[in-house]
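Asks: Handing you this structure, nothing more for now.
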Amino acid sequence: MADTIADTRRLFSKPQNLNDAYGPPSNFLEIDVSNPETVGVGRGRYTTYEVRLKTNLPIFKLKESSVRRRYSDFEWLRAELERESKVVVPPLPGKALIRQLPFRGDDGIFDDSFIEERRQGLEQFLNKVAGHPLAQNERCLHMFLQDESLDKNYTPSKIRQA
């Protein structure tokens, strides 16, 4: 019976020191999708978003980067991850086909409120995907987040830890 008394004692955790509380987090990965810009005219019009990354994860070659991507680039990334990785890839915010119909009372897919809603959805998508350890090994994710232009004819491969 003496054993059961010993097992019920509280576990004391070591108090957190100031460095633990206020020092840099051990591993972090922050991705912001911001600054939407609509470019082009007529049927060639589209919106790009700035994708900013800050991380200290050793697998990323740049600790900070900023690239511009359009919705179709996000679709490309999602398709590549689905094909190449063993990750269940979350959905993107919808295609907004209704918003592309003519004779609307607003700017359709170029309406500020729609662009903001899409921006938030794209940011959530990227943070979910990039936070997955298996997705972090995929060359397409690194290219999407850090290369100025996407080489859609790239050779899929795994990134090895530096």
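Letters A, B, ... go to the chains of the structure tokens in the order shown; residues in each chain start at 1; ligands are counted from 1 in the same order.
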Among stretch 12-160 of chain A, which ones does DSSP assign to alpha helix (DSSP H) (computed from the backbone)? Answer as a tab-separated table (two decimals) with N, CA and C atoms, in the first residue's frame.
Replies:
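Saved to states.tsv:
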chain	number	residue	atom	x	y	z
A	18	LEU	N	13.71	33.45	-17.14
A	18	LEU	CA	13.39	34.56	-18.04
A	18	LEU	C	13.77	34.27	-19.48
A	19	ASN	N	14.89	33.57	-19.68
A	19	ASN	CA	15.29	33.24	-21.05
A	19	ASN	C	14.29	32.33	-21.73
A	20	ASP	N	13.75	31.35	-20.97
A	20	ASP	CA	12.74	30.46	-21.54
A	20	ASP	C	11.50	31.25	-21.90
A	21	ALA	N	11.11	32.15	-21.02
A	21	ALA	CA	9.87	32.89	-21.22
A	21	ALA	C	9.99	33.94	-22.32
A	22	TYR	N	11.12	34.63	-22.39
A	22	TYR	CA	11.23	35.76	-23.31
A	22	TYR	C	12.28	35.60	-24.40
A	71	TYR	N	-3.23	33.14	-57.37
A	71	TYR	CA	-4.04	31.98	-56.96
A	71	TYR	C	-3.64	30.71	-57.71
A	72	SER	N	-3.41	30.82	-59.02
A	72	SER	CA	-3.06	29.62	-59.80
A	72	SER	C	-1.74	29.00	-59.31
A	73	ASP	N	-0.84	29.81	-58.73
A	73	ASP	CA	0.40	29.27	-58.16
A	73	ASP	C	0.10	28.42	-56.93
A	74	PHE	N	-0.87	28.88	-56.13
A	74	PHE	CA	-1.28	28.11	-54.96
A	74	PHE	C	-1.89	26.77	-55.41
A	75	GLU	N	-2.68	26.82	-56.50
A	75	GLU	CA	-3.27	25.60	-57.04
A	75	GLU	C	-2.18	24.63	-57.49
A	76	TRP	N	-1.14	25.17	-58.13
A	76	TRP	CA	-0.01	24.35	-58.57
A	76	TRP	C	0.65	23.68	-57.37
A	77	LEU	N	0.92	24.47	-56.31
A	77	LEU	CA	1.57	23.93	-55.12
A	77	LEU	C	0.73	22.80	-54.52
A	78	ARG	N	-0.56	23.04	-54.40
A	78	ARG	CA	-1.44	22.05	-53.80
A	78	ARG	C	-1.41	20.74	-54.62
A	79	ALA	N	-1.47	20.86	-55.95
A	79	ALA	CA	-1.45	19.68	-56.82
A	79	ALA	C	-0.13	18.93	-56.68
A	80	GLU	N	0.98	19.68	-56.61
A	80	GLU	CA	2.30	19.04	-56.47
A	80	GLU	C	2.41	18.30	-55.14
A	81	LEU	N	1.96	18.93	-54.06
A	81	LEU	CA	2.05	18.29	-52.74
A	81	LEU	C	1.17	17.05	-52.70
A	82	GLU	N	0.01	17.12	-53.33
A	82	GLU	CA	-0.88	15.97	-53.35
A	82	GLU	C	-0.24	14.80	-54.08
A	83	ARG	N	0.47	15.12	-55.15
A	83	ARG	CA	1.08	14.09	-55.98
A	83	ARG	C	2.37	13.54	-55.36
A	84	GLU	N	3.17	14.42	-54.77
A	84	GLU	CA	4.53	14.03	-54.35
A	84	GLU	C	4.65	13.61	-52.90
A	112	ASP	N	-12.66	44.19	-53.00
A	112	ASP	CA	-11.76	44.21	-51.84
A	112	ASP	C	-12.13	43.16	-50.80
A	113	SER	N	-13.43	43.02	-50.52
A	113	SER	CA	-13.83	42.08	-49.46
A	113	SER	C	-13.52	40.64	-49.89
A	114	PHE	N	-13.72	40.33	-51.17
A	114	PHE	CA	-13.40	38.98	-51.66
A	114	PHE	C	-11.89	38.74	-51.60
A	115	ILE	N	-11.11	39.72	-52.03
A	115	ILE	CA	-9.64	39.57	-52.03
A	115	ILE	C	-9.14	39.34	-50.61
A	116	GLU	N	-9.72	40.06	-49.63
A	116	GLU	CA	-9.31	39.90	-48.24
A	116	GLU	C	-9.68	38.50	-47.72
A	117	GLU	N	-10.88	38.05	-48.06
A	117	GLU	CA	-11.33	36.71	-47.64
A	117	GLU	C	-10.40	35.64	-48.24
A	118	ARG	N	-10.07	35.80	-49.50
A	118	ARG	CA	-9.18	34.84	-50.17
A	118	ARG	C	-7.79	34.90	-49.56
A	119	ARG	N	-7.30	36.10	-49.28
A	119	ARG	CA	-5.97	36.26	-48.67
A	119	ARG	C	-5.89	35.47	-47.36
A	120	GLN	N	-6.91	35.61	-46.52
A	120	GLN	CA	-6.92	34.88	-45.24
A	120	GLN	C	-6.91	33.38	-45.47
A	121	GLY	N	-7.71	32.92	-46.43
A	121	GLY	CA	-7.77	31.48	-46.73
A	121	GLY	C	-6.44	30.95	-47.24
A	122	LEU	N	-5.78	31.73	-48.10
A	122	LEU	CA	-4.48	31.32	-48.64
A	122	LEU	C	-3.43	31.26	-47.53
A	123	GLU	N	-3.49	32.23	-46.62
A	123	GLU	CA	-2.53	32.27	-45.50
A	123	GLU	C	-2.73	31.05	-44.60
A	124	GLN	N	-3.98	30.72	-44.29
A	124	GLN	CA	-4.26	29.54	-43.46
A	124	GLN	C	-3.77	28.27	-44.17
A	125	PHE	N	-4.06	28.17	-45.45
A	125	PHE	CA	-3.62	27.02	-46.24
A	125	PHE	C	-2.10	26.84	-46.15
A	126	LEU	N	-1.37	27.92	-46.42
A	126	LEU	CA	0.11	27.84	-46.42
A	126	LEU	C	0.66	27.49	-45.06
A	127	ASN	N	0.10	28.08	-44.00
A	127	ASN	CA	0.60	27.79	-42.66
A	127	ASN	C	0.35	26.34	-42.27
A	128	LYS	N	-0.80	25.79	-42.66
A	128	LYS	CA	-1.07	24.37	-42.38
A	128	LYS	C	-0.08	23.49	-43.13
A	129	VAL	N	0.07	23.75	-44.41
A	129	VAL	CA	0.93	22.92	-45.25
A	129	VAL	C	2.39	23.02	-44.80
A	130	ALA	N	2.88	24.24	-44.65
A	130	ALA	CA	4.30	24.44	-44.34
A	130	ALA	C	4.64	23.96	-42.93
A	139	ARG	N	10.55	19.72	-52.36
A	139	ARG	CA	11.19	20.79	-53.14
A	139	ARG	C	10.18	21.85	-53.60
A	140	CYS	N	8.96	21.42	-54.00
A	140	CYS	CA	7.97	22.37	-54.51
A	140	CYS	C	7.59	23.41	-53.46
A	141	LEU	N	7.51	23.01	-52.18
A	141	LEU	CA	7.16	23.96	-51.13
A	141	LEU	C	8.27	25.01	-50.97
A	142	HIS	N	9.51	24.56	-50.98
A	142	HIS	CA	10.64	25.48	-50.84
A	142	HIS	C	10.67	26.46	-52.01
A	143	MET	N	10.45	25.93	-53.20
A	143	MET	CA	10.45	26.77	-54.39
A	143	MET	C	9.32	27.80	-54.30
A	144	PHE	N	8.14	27.35	-53.90
A	144	PHE	CA	6.97	28.23	-53.80
A	144	PHE	C	7.23	29.36	-52.80
A	145	LEU	N	7.83	29.02	-51.67
A	145	LEU	CA	8.03	30.00	-50.60
A	145	LEU	C	9.24	30.91	-50.82
A	146	GLN	N	10.26	30.41	-51.54
A	146	GLN	CA	11.51	31.16	-51.52
A	146	GLN	C	12.10	31.53	-52.87
Asks: From the list A:Phe28, A:Tyr154, A:Leu92, A:Ile109, which residue is nearest A:Glu64 when using only C-alpha atoms?
Replies: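 Among the listed residues, the smallest separation from A:Glu64 belongs to A:Phe28.
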Asks: In Å, with one decimal, what is the gap from atom CA of A:Asn153 to atom CA of A:Asn56?
Replies: 28.5 Å
Asks: Neighbouring residues of stretch 29-41 of chain A were defined as those with any atom within 6 Å, considering only C-alpha atoms; residues of the same chain fewer than 2 positions away were excluded. Please report them as a list in words.
Replies: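 Residues near the query, excluding close chain neighbours: Gly44, Arg45, Tyr46, Thr47, Thr48, Tyr49, Glu50, Val51, Arg52, Leu53, Lys54, Thr55 and Glu123 of chain A.
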Asks: Go ahead and write the selection's residues with all heavy atoms as a compact mmCIF listing (two decimals), in the first residue's frame.
Replies:
# COMPACT_ATOMS: atom_id res chain seq x y z
N GLY A 44 -6.96 39.36 -68.90
CA GLY A 44 -5.61 39.08 -68.40
C GLY A 44 -5.40 39.64 -67.00
O GLY A 44 -4.27 39.70 -66.52
N ARG A 45 -6.47 40.06 -66.35
CA ARG A 45 -6.36 40.68 -65.02
C ARG A 45 -6.31 39.60 -63.93
O ARG A 45 -7.06 38.62 -64.00
CB ARG A 45 -7.61 41.55 -64.83
CG ARG A 45 -7.54 42.56 -63.76
CD ARG A 45 -8.76 43.48 -63.87
NE ARG A 45 -8.83 44.34 -62.71
CZ ARG A 45 -9.95 44.83 -62.22
NH1 ARG A 45 -11.11 44.55 -62.79
NH2 ARG A 45 -9.94 45.60 -61.16
N TYR A 46 -5.42 39.78 -62.98
CA TYR A 46 -5.35 38.83 -61.85
C TYR A 46 -4.75 39.54 -60.65
O TYR A 46 -4.19 40.62 -60.76
CB TYR A 46 -4.54 37.57 -62.22
CG TYR A 46 -3.11 37.86 -62.61
CD1 TYR A 46 -2.09 37.87 -61.66
CD2 TYR A 46 -2.77 38.13 -63.94
CE1 TYR A 46 -0.78 38.14 -62.02
CE2 TYR A 46 -1.46 38.39 -64.31
CZ TYR A 46 -0.47 38.40 -63.34
OH TYR A 46 0.82 38.68 -63.69
N THR A 47 -4.88 38.90 -59.49
CA THR A 47 -4.38 39.45 -58.24
C THR A 47 -3.20 38.62 -57.76
O THR A 47 -3.26 37.39 -57.79
CB THR A 47 -5.50 39.45 -57.17
OG1 THR A 47 -6.60 40.21 -57.67
CG2 THR A 47 -5.02 40.08 -55.87
N THR A 48 -2.13 39.30 -57.35
CA THR A 48 -1.00 38.59 -56.74
C THR A 48 -0.95 38.96 -55.26
O THR A 48 -1.46 40.00 -54.84
CB THR A 48 0.35 38.95 -57.39
OG1 THR A 48 0.63 40.34 -57.16
CG2 THR A 48 0.35 38.65 -58.88
N TYR A 49 -0.32 38.08 -54.48
CA TYR A 49 -0.19 38.27 -53.05
C TYR A 49 1.28 38.14 -52.68
O TYR A 49 2.00 37.33 -53.26
CB TYR A 49 -0.97 37.19 -52.28
CG TYR A 49 -2.45 37.19 -52.60
CD1 TYR A 49 -2.95 36.49 -53.70
CD2 TYR A 49 -3.34 37.89 -51.81
CE1 TYR A 49 -4.30 36.49 -54.00
CE2 TYR A 49 -4.71 37.91 -52.10
CZ TYR A 49 -5.17 37.20 -53.20
OH TYR A 49 -6.51 37.21 -53.49
N GLU A 50 1.70 38.92 -51.71
CA GLU A 50 3.06 38.78 -51.19
C GLU A 50 3.06 37.64 -50.17
O GLU A 50 2.22 37.62 -49.27
CB GLU A 50 3.51 40.08 -50.54
CG GLU A 50 4.94 40.01 -50.04
CD GLU A 50 5.38 41.30 -49.34
OE1 GLU A 50 4.58 42.24 -49.21
OE2 GLU A 50 6.55 41.34 -48.91
N VAL A 51 3.98 36.70 -50.34
CA VAL A 51 4.13 35.59 -49.40
C VAL A 51 5.45 35.80 -48.68
O VAL A 51 6.52 35.71 -49.28
CB VAL A 51 4.12 34.23 -50.14
CG1 VAL A 51 4.36 33.09 -49.16
CG2 VAL A 51 2.80 34.03 -50.88
N ARG A 52 5.35 36.14 -47.38
CA ARG A 52 6.56 36.40 -46.59
C ARG A 52 6.77 35.27 -45.60
O ARG A 52 5.84 34.84 -44.93
CB ARG A 52 6.41 37.72 -45.83
CG ARG A 52 6.73 38.93 -46.68
CD ARG A 52 7.07 40.15 -45.85
NE ARG A 52 6.32 40.25 -44.62
CZ ARG A 52 5.25 41.02 -44.45
NH1 ARG A 52 4.82 41.77 -45.42
NH2 ARG A 52 4.62 41.05 -43.30
N LEU A 53 8.01 34.82 -45.54
CA LEU A 53 8.37 33.71 -44.65
C LEU A 53 9.45 34.18 -43.69
O LEU A 53 10.38 34.88 -44.08
CB LEU A 53 8.92 32.56 -45.50
CG LEU A 53 9.63 31.45 -44.73
CD1 LEU A 53 8.66 30.33 -44.44
CD2 LEU A 53 10.80 30.90 -45.51
N LYS A 54 9.29 33.81 -42.42
CA LYS A 54 10.36 33.99 -41.42
C LYS A 54 10.44 32.68 -40.67
O LYS A 54 9.44 32.15 -40.22
CB LYS A 54 9.99 35.09 -40.42
CG LYS A 54 10.18 36.49 -40.94
CD LYS A 54 9.95 37.50 -39.84
CE LYS A 54 10.19 38.89 -40.37
NZ LYS A 54 9.83 39.91 -39.43
N THR A 55 11.66 32.15 -40.56
CA THR A 55 11.83 30.87 -39.87
C THR A 55 13.24 30.73 -39.34
O THR A 55 14.15 31.44 -39.76
CB THR A 55 11.52 29.69 -40.84
OG1 THR A 55 11.54 28.48 -40.09
CG2 THR A 55 12.53 29.62 -41.98
N GLU A 123 -3.49 32.23 -46.62
CA GLU A 123 -2.53 32.27 -45.50
C GLU A 123 -2.73 31.05 -44.60
O GLU A 123 -1.76 30.39 -44.21
CB GLU A 123 -2.72 33.57 -44.72
CG GLU A 123 -1.67 33.80 -43.65
CD GLU A 123 -1.80 35.18 -43.04
OE1 GLU A 123 -1.19 36.12 -43.58
OE2 GLU A 123 -2.52 35.32 -42.03
Asks: By how many Å are atom CA of A:Arg160 and atom CA of A:Leu134 apart?
Replies: 11.4 Å
